[in-house]
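**Student:** I have a structure here, written as structure tokens, and I will follow up with some questions on it.
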There are 2 protein chains.
Amino acid sequence: MNVDRQQLGEAVAAGFADQLEWLATLVRFDSTRGNEAACQDWLAAEYAARGWQVDRYTLDEVAIEGLPGYSPVVDADYSRAVQVVATHQVPRPRGRSLILQGHIDVVPTGAPELWEHDPFEPRIVDGWMHGRGAADMKCGVSAMVFALDALRRLGYVPAATVHVETVSEEECTGNGALSTLVRGYRADAALIPESMGHKIIRAELGSVWFRLRILGQPGHVLAAAAPGAHAILAATDYIAALQQLTAQINVEARSHPHFGVVENPVKFNPGKIRGGDWLGSVPSWCELECRLSVLPGHSLPEVRARVAAAVAACADRLGTPVPALSWIGFQADGHVFGPGTEAEAVLARAHAAVLGGPLESVALTATSDTRFYDLYYGIPALCYGGHARGMHAPSEAVDLESLRRTTEVIAGFVADWCGLDPVG
Amino acid sequence: MNVDRQQLGEAVAAGFADQLEWLATLVRFDSTRGNEAACQDWLAAEYAARGWQVDRYTLDEVAIEGLPGYSPVVDADYSRAVQVVATHQVPRPRGRSLILQGHIDVVPTGAPELWEHDPFEPRIVDGWMHGRGAADMKCGVSAMVFALDALRRLGYVPAATVHVETVSEEECTGNGALSTLVRGYRADAALIPESMGHKIIRAELGSVWFRLRILGQPGHVLAAAAPGAHAILAATDYIAALQQLTAQINVEARSHPHFGVVENPVKFNPGKIRGGDWLGSVPSWCELECRLSVLPGHSLPEVRARVAAAVAACADRLGTPVPALSWIGFQADGHVFGPGTEAEAVLARAHAAVLGGPLESVALTATSDTRFYDLYYGIPALCYGGHARGMHAPSEAVDLESLRRTTEVIAGFVADWCGLDPVG
């Protein structure tokens with residue numbers, strides 16, 4: 001059974017006003033880490049209303065610790081980390097099964113002064129929807145759900161099992177995606193509709209998150225402070241040392257088959273700092289939290305060892321004990337998604353039918369959930385979505401016309417990949 | 001009526017075991033900012049038991065805001081900031097009245113890893129008592145109270161009004177000391193027994209406390225960050241700019257009549273930092289809190305203007321908006337205590353009687369409460385106490401033999417300054 005492409009486009013367009021309202025509702029949930037439950041419960045009800053079988057669980061219910069791809073957890077309560085897998089099943093599956101996955105966790109809003117509007121009250125301006133999470137990646141979640149809705153509007157459902165998964169932890173560990181696989185959800189392909197500008201990820205960087213606890217040699221500020229005695233000033237030395245390590249890795253990246261074309265693809269971000277507690281005392285402690293990218297081909301133990309060596313060398317220069325170094329989030333491998341899969345070919349056809357032209361690929365300097373499916377579980381995985389801007393910034397926004405097209409592409413992909421049955 | 005010096009020494013020695021136990025009790029109170037009440041209530045009872053009239057009040061009861069010497073208050077609840085003034089009165093005062101003042105607020109303990117023992121469980125090792133606040137300055141409080149106890153043991157009380165004052169806020173604003181003066185407590189001299197190594201302060205630096213709220217231009221870490229876009233890295237630029245300002249002021253200090261002999265007397269301490277909230281985002285904010293010394297002769301408005309100019313120039317170099325700059329604690333003038341007062345002469349005699357030799361003076365590169373009495377209220381003020389080490393550090397400790405001698409010096413000073421009456 002085959003769907004008429006033009007009808008499919010019209011069906012997506014017919015549902016698009018509803019989709020935007022649905023997306024706006026989704027953006028209104030402040031689903032920052034630890035606060036995902038209300039958002040997920042609303043989604044679970046949405047999925048159930050579509051006749052899908054809903055598995056709502058929390059991360060503490062799944063034994064993920066220590067598995068490949070697992071990242072350590074700090075400052076999070078996994079008994080509150082709700083994940084939802086909704087499953088469309090057919091009595092006699094004929095086509096290829098599919099995982100559609102999106103994350104609903106969003107990054108914190110940061111300094112409130114930088115927002116011109118409530119981050120969780122979406123605003124549409126000139127065809128773009130603004131709001132925290134609108135682009136990263138609640139728009140993608142709306143696309144995968146409303147793609148299936150559009151097929152149903154035409155009287156079709158996929159002719160194979162489809163798991164619609166909304167996870168959390170994409171922005172810090174990936175443990176949400178991992179949990180779905182450990183819980184047993186598999187398929188012949190996985191598609192994650194991150195906002196990729198209508199391209200697919202060919203390669204992505206991994207990343208490691210770590211914390212240095214730097215101790216000083218405290219005393220009254222009037223005491224002459226030896227190098228390293230002032231924990232906050234020492235932190236600036238560790239930042240410089242890790243910037244130097246990053247520069248060295250970026251030299252190595254110049255010959256990387258996928259990232260050689262990107263200028264300084266490896267980013268070091270000293271993204272969080274807390275130090276000292278009294279202005280009349282030399283600060284005795286400073287906690288510096290950092291993120292460093294990982295090139296495909298660089299192993300995590302190797303990267304961690306280089307970080308530890310840079311830290312130890314800096315401590316040696318300062319003549320102080322080596323700060324405690326802990327790994328506090330992402331321990332994510334870089335990965336290259338091999339071209340030539342059938343899933344990619346099917347997606348390229350769906351893309352061409354809507355946007356015209358070939359499906360281009362990108363080397364992503366960020367980290368997505370996509371690796372879990374391909375790298376650790378052998379499931380061909382695609383990361384593809386539409387145009388967006390201002391990811392993680394107050395200017396975050398999604399291009400709505402592009403979102404409509406993305407929804408249409410996904411609907412076409414599902415139709416081709418899974419095949420279609422008439423609504424039963 | 002005159003007291004026999006040797007008898008006085010014996011009376012102090014006779015009470016010294018009790019004094020150490022009393023001091024240990026005082027050290028056991030965690031009287032960091034906001035937690036002074038229990039300590040002050042215990043002291044109020046101690047004072048009442050000695051027959052002194054006790055005025056226990058909180059800072060919110062006294063209209064100090066905006067008065068000379070006042071410092072702005074942040075992150076503190078002045079309805080909990082208990083001050084205690086105990087007054088010894090005689091029916092027919094004959095001698096000169098006196099304020100004995102000590103502060104019971106202590107600085108935070110800092111990183112727990114750096115403490116070998118519970119900071120608030122005092123330990124005596126080789127004649128030194130260790131513990132947070134033991135040296136700064138609960139030992140001094142014990143000296144002023146037990147000096148009066150020693151006189152009473154010999155059958156004497158001061159022949160003039162003596163206010164025994166225990167204040168808080170010495171470590172951040174000085175508003176506790178200010179409040180006693182605004183509340184009306186005055187005397188012919190004031191003595192603050194800070195641990196000064198048996199010297200008196202001739203000159204002291206002031207200090208200003210301020211906070212910069214630095215905003216970035218946040219986004220995903222994969223975005224190329226312009227200079228100043230990364231709020232934490234920008235903070236290191238502001239630190240460097242303020243270090244440069246400090247170096248310039250220290251050049252000017254070389255010709256200062258009191259601080260010219262001190263190498264780099266002016267200290268800049270970026271003592272507290274908080275920035276960023278997510279490692280996957282360019283940090284959008286960083287709050288940097290700093291302390292900068294103020295030379296006597298440099299006005300506070302002038303120093304604040306130089307800080308503001310250095311900050312603005314740095315923002316200009318970074319091409320970013322100027323960070324919000326707020327004044328969040330000490331706005332303390334530097335001050336020179338004129339030599340030649342009668343109070344100093346009397347103290348010098350008491351010092352010589354116990355320790356031998358002349359009373360030396362120091363230029364203190366820290367800030368004490370002493371300025372309030374002399375500078376703003378015209379009360380000759382002395383800051384004198386014994387040996388200590390590790391102020392504000394985990395190694396904080398007071399030399400107990402020196403404390404005994406300090407107690408004896410204070411007793412002798414009170415006897416000479418106030419005169420003595422037989423216990424009534």
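By order of appearance in the structure tokens: chains A, B, ..., then residues from 1 within every chain, and ligands from 1 in the order shown.
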Mind the document's chain letters and residue numbers, and return as a VMD selection string the residues of region 73-311 of chain A that DSSP labels strand (DSSP E or B).

**Tutor:** chain A and resid 82 to 88 98 to 103 106 123 to 125 128 to 130 156 to 158 162 to 167 190 to 192 199 to 204 206 to 215 220 268 to 275 281 285 to 294

**Student:** With a cut-off of 9 Å and counting only C-alpha atoms, select all residues of chain A in contact with chain B and give the selection as a PDB file with C-alpha atoms, in the first residue's frame.

**Tutor:**
```pdb
ATOM      1  CA  VAL A 107      19.057  23.007  29.156  1.00  0.00           C
ATOM      2  CA  PRO A 108      18.699  25.650  31.885  1.00  0.00           C
ATOM      3  CA  THR A 109      17.733  29.124  30.831  1.00  0.00           C
ATOM      4  CA  GLY A 110      20.832  30.822  32.267  1.00  0.00           C
ATOM      5  CA  ALA A 111      20.856  34.503  33.210  1.00  0.00           C
ATOM      6  CA  GLU A 113      18.459  39.264  32.173  1.00  0.00           C
ATOM      7  CA  LEU A 114      19.283  37.859  28.739  1.00  0.00           C
ATOM      8  CA  GLU A 171      21.767  17.015  27.430  1.00  0.00           C
ATOM      9  CA  CYS A 172      23.997  15.533  30.114  1.00  0.00           C
ATOM     10  CA  TRP A 209      32.226  16.116  31.627  1.00  0.00           C
ATOM     11  CA  LEU A 215      42.065  23.294  47.239  1.00  0.00           C
ATOM     12  CA  GLY A 216      44.046  26.339  48.283  1.00  0.00           C
ATOM     13  CA  GLN A 217      46.202  27.137  51.234  1.00  0.00           C
ATOM     14  CA  PRO A 218      43.798  29.498  52.891  1.00  0.00           C
ATOM     15  CA  GLY A 219      44.404  32.277  55.304  1.00  0.00           C
ATOM     16  CA  HIS A 220      43.723  35.934  55.799  1.00  0.00           C
ATOM     17  CA  VAL A 221      43.845  37.972  52.613  1.00  0.00           C
ATOM     18  CA  LEU A 222      46.652  39.963  54.146  1.00  0.00           C
ATOM     19  CA  ALA A 224      51.139  36.736  51.030  1.00  0.00           C
ATOM     20  CA  HIS A 230      44.428  31.009  46.121  1.00  0.00           C
ATOM     21  CA  ALA A 231      41.999  28.369  44.877  1.00  0.00           C
ATOM     22  CA  ILE A 232      40.156  30.697  42.474  1.00  0.00           C
ATOM     23  CA  LEU A 233      43.325  32.041  40.881  1.00  0.00           C
ATOM     24  CA  THR A 236      42.420  30.076  36.094  1.00  0.00           C
ATOM     25  CA  ILE A 239      41.622  26.527  32.693  1.00  0.00           C
ATOM     26  CA  PRO A 265      36.198  21.193  16.216  1.00  0.00           C
ATOM     27  CA  VAL A 266      37.159  20.178  19.741  1.00  0.00           C
ATOM     28  CA  LYS A 267      35.735  22.580  22.299  1.00  0.00           C
ATOM     29  CA  PHE A 268      36.755  22.983  25.900  1.00  0.00           C
ATOM     30  CA  ASN A 269      34.098  24.612  28.039  1.00  0.00           C
ATOM     31  CA  PRO A 270      34.810  25.548  31.651  1.00  0.00           C
ATOM     32  CA  GLY A 271      31.054  25.856  32.008  1.00  0.00           C
ATOM     33  CA  LYS A 272      30.471  26.061  35.723  1.00  0.00           C
ATOM     34  CA  ILE A 273      32.503  27.411  38.603  1.00  0.00           C
ATOM     35  CA  ARG A 274      31.911  27.731  42.316  1.00  0.00           C
ATOM     36  CA  GLY A 275      34.642  28.867  44.662  1.00  0.00           C
ATOM     37  CA  GLY A 276      35.305  30.566  47.969  1.00  0.00           C
ATOM     38  CA  ASP A 277      32.918  31.606  50.667  1.00  0.00           C
ATOM     39  CA  TRP A 278      34.325  34.726  52.295  1.00  0.00           C
ATOM     40  CA  LEU A 279      35.937  37.808  50.809  1.00  0.00           C
ATOM     41  CA  GLY A 280      38.172  38.322  53.817  1.00  0.00           C
ATOM     42  CA  SER A 281      39.784  34.908  53.378  1.00  0.00           C
ATOM     43  CA  VAL A 282      41.983  33.478  50.671  1.00  0.00           C
ATOM     44  CA  PRO A 283      39.540  31.055  49.005  1.00  0.00           C
ATOM     45  CA  SER A 284      40.286  27.541  50.190  1.00  0.00           C
ATOM     46  CA  TRP A 285      38.353  25.738  47.483  1.00  0.00           C
ATOM     47  CA  CYS A 286      37.139  26.146  43.933  1.00  0.00           C
ATOM     48  CA  GLU A 289      33.303  21.896  35.967  1.00  0.00           C
ATOM     49  CA  CYS A 290      34.255  21.356  32.355  1.00  0.00           C
ATOM     50  CA  ARG A 291      33.213  19.765  29.093  1.00  0.00           C
ATOM     51  CA  LEU A 364      28.376  17.507  14.121  1.00  0.00           C
ATOM     52  CA  THR A 365      30.592  19.093  16.728  1.00  0.00           C
ATOM     53  CA  ALA A 366      27.991  18.376  19.402  1.00  0.00           C
ATOM     54  CA  GLY A 390      20.110  29.766  19.012  1.00  0.00           C
ATOM     55  CA  MET A 391      20.444  26.296  20.483  1.00  0.00           C
ATOM     56  CA  HIS A 392      21.015  26.647  24.262  1.00  0.00           C
ATOM     57  CA  ALA A 393      20.745  30.444  23.931  1.00  0.00           C
ATOM     58  CA  PRO A 394      17.885  32.847  24.738  1.00  0.00           C
ATOM     59  CA  SER A 395      17.502  33.286  20.979  1.00  0.00           C
ATOM     60  CA  GLU A 396      16.508  29.614  20.598  1.00  0.00           C
TER      61      GLU A 396
END
```

**Student:** From the list B:Lys199, B:Arg304, B:Arg183, B:Lys138, which residue is nearest Gln19 (chain B) when using only C-alpha atoms?

**Tutor:** B:Lys138

**Student:** Compare B:Val162, B:Leu181, B:Ala134, B:Leu154 by their minimum atom-to-atom distance to His103 (chain B), counting only C-alpha atoms, and give me the closest one.

**Tutor:** B:Ala134

**Student:** Could you check how far CA of Phe337 (chain B) sits from CA of Gly102 (chain B), in Å to one decimal?

**Tutor:**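 Here the two named atoms are 18.3 Å from each other.
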
**Student:** Quick check for you: according to DSSP on this backbone, which residues of region 168-230 of chain B are classed as helix (DSSP H, G or I)? Reply as a ChimeraX atom specification.

**Tutor:** /B:175-182

**Student:** Go through B:Trp128, B:Phe259, B:Tyr238, B:Tyr373 one by one, measure the shortest atom-to-atom distance of each to Gly386 (chain B) using only C-alpha atoms, and give the residue with the smallest value.

**Tutor:**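 Closest to Gly386 (chain B) of all the choices is B:Trp128.
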
**Student:** Ranking B:Val167, B:Val145, B:Val73, B:Leu20 by minimum distance to Trp327 (chain B) and counting only C-alpha atoms, which one comes first?

**Tutor:**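 Closest residue, counting only C-alpha atoms: B:Val73.
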
**Student:** Residues near region 23-32 of chain B, anyone? I mean within 6 Å using only C-alpha atoms, not counting same-chain ones fewer than 6 positions away, as an MDAnalysis selection string.

**Tutor:** chainID B and resid 39 105:107 120:122 134 142
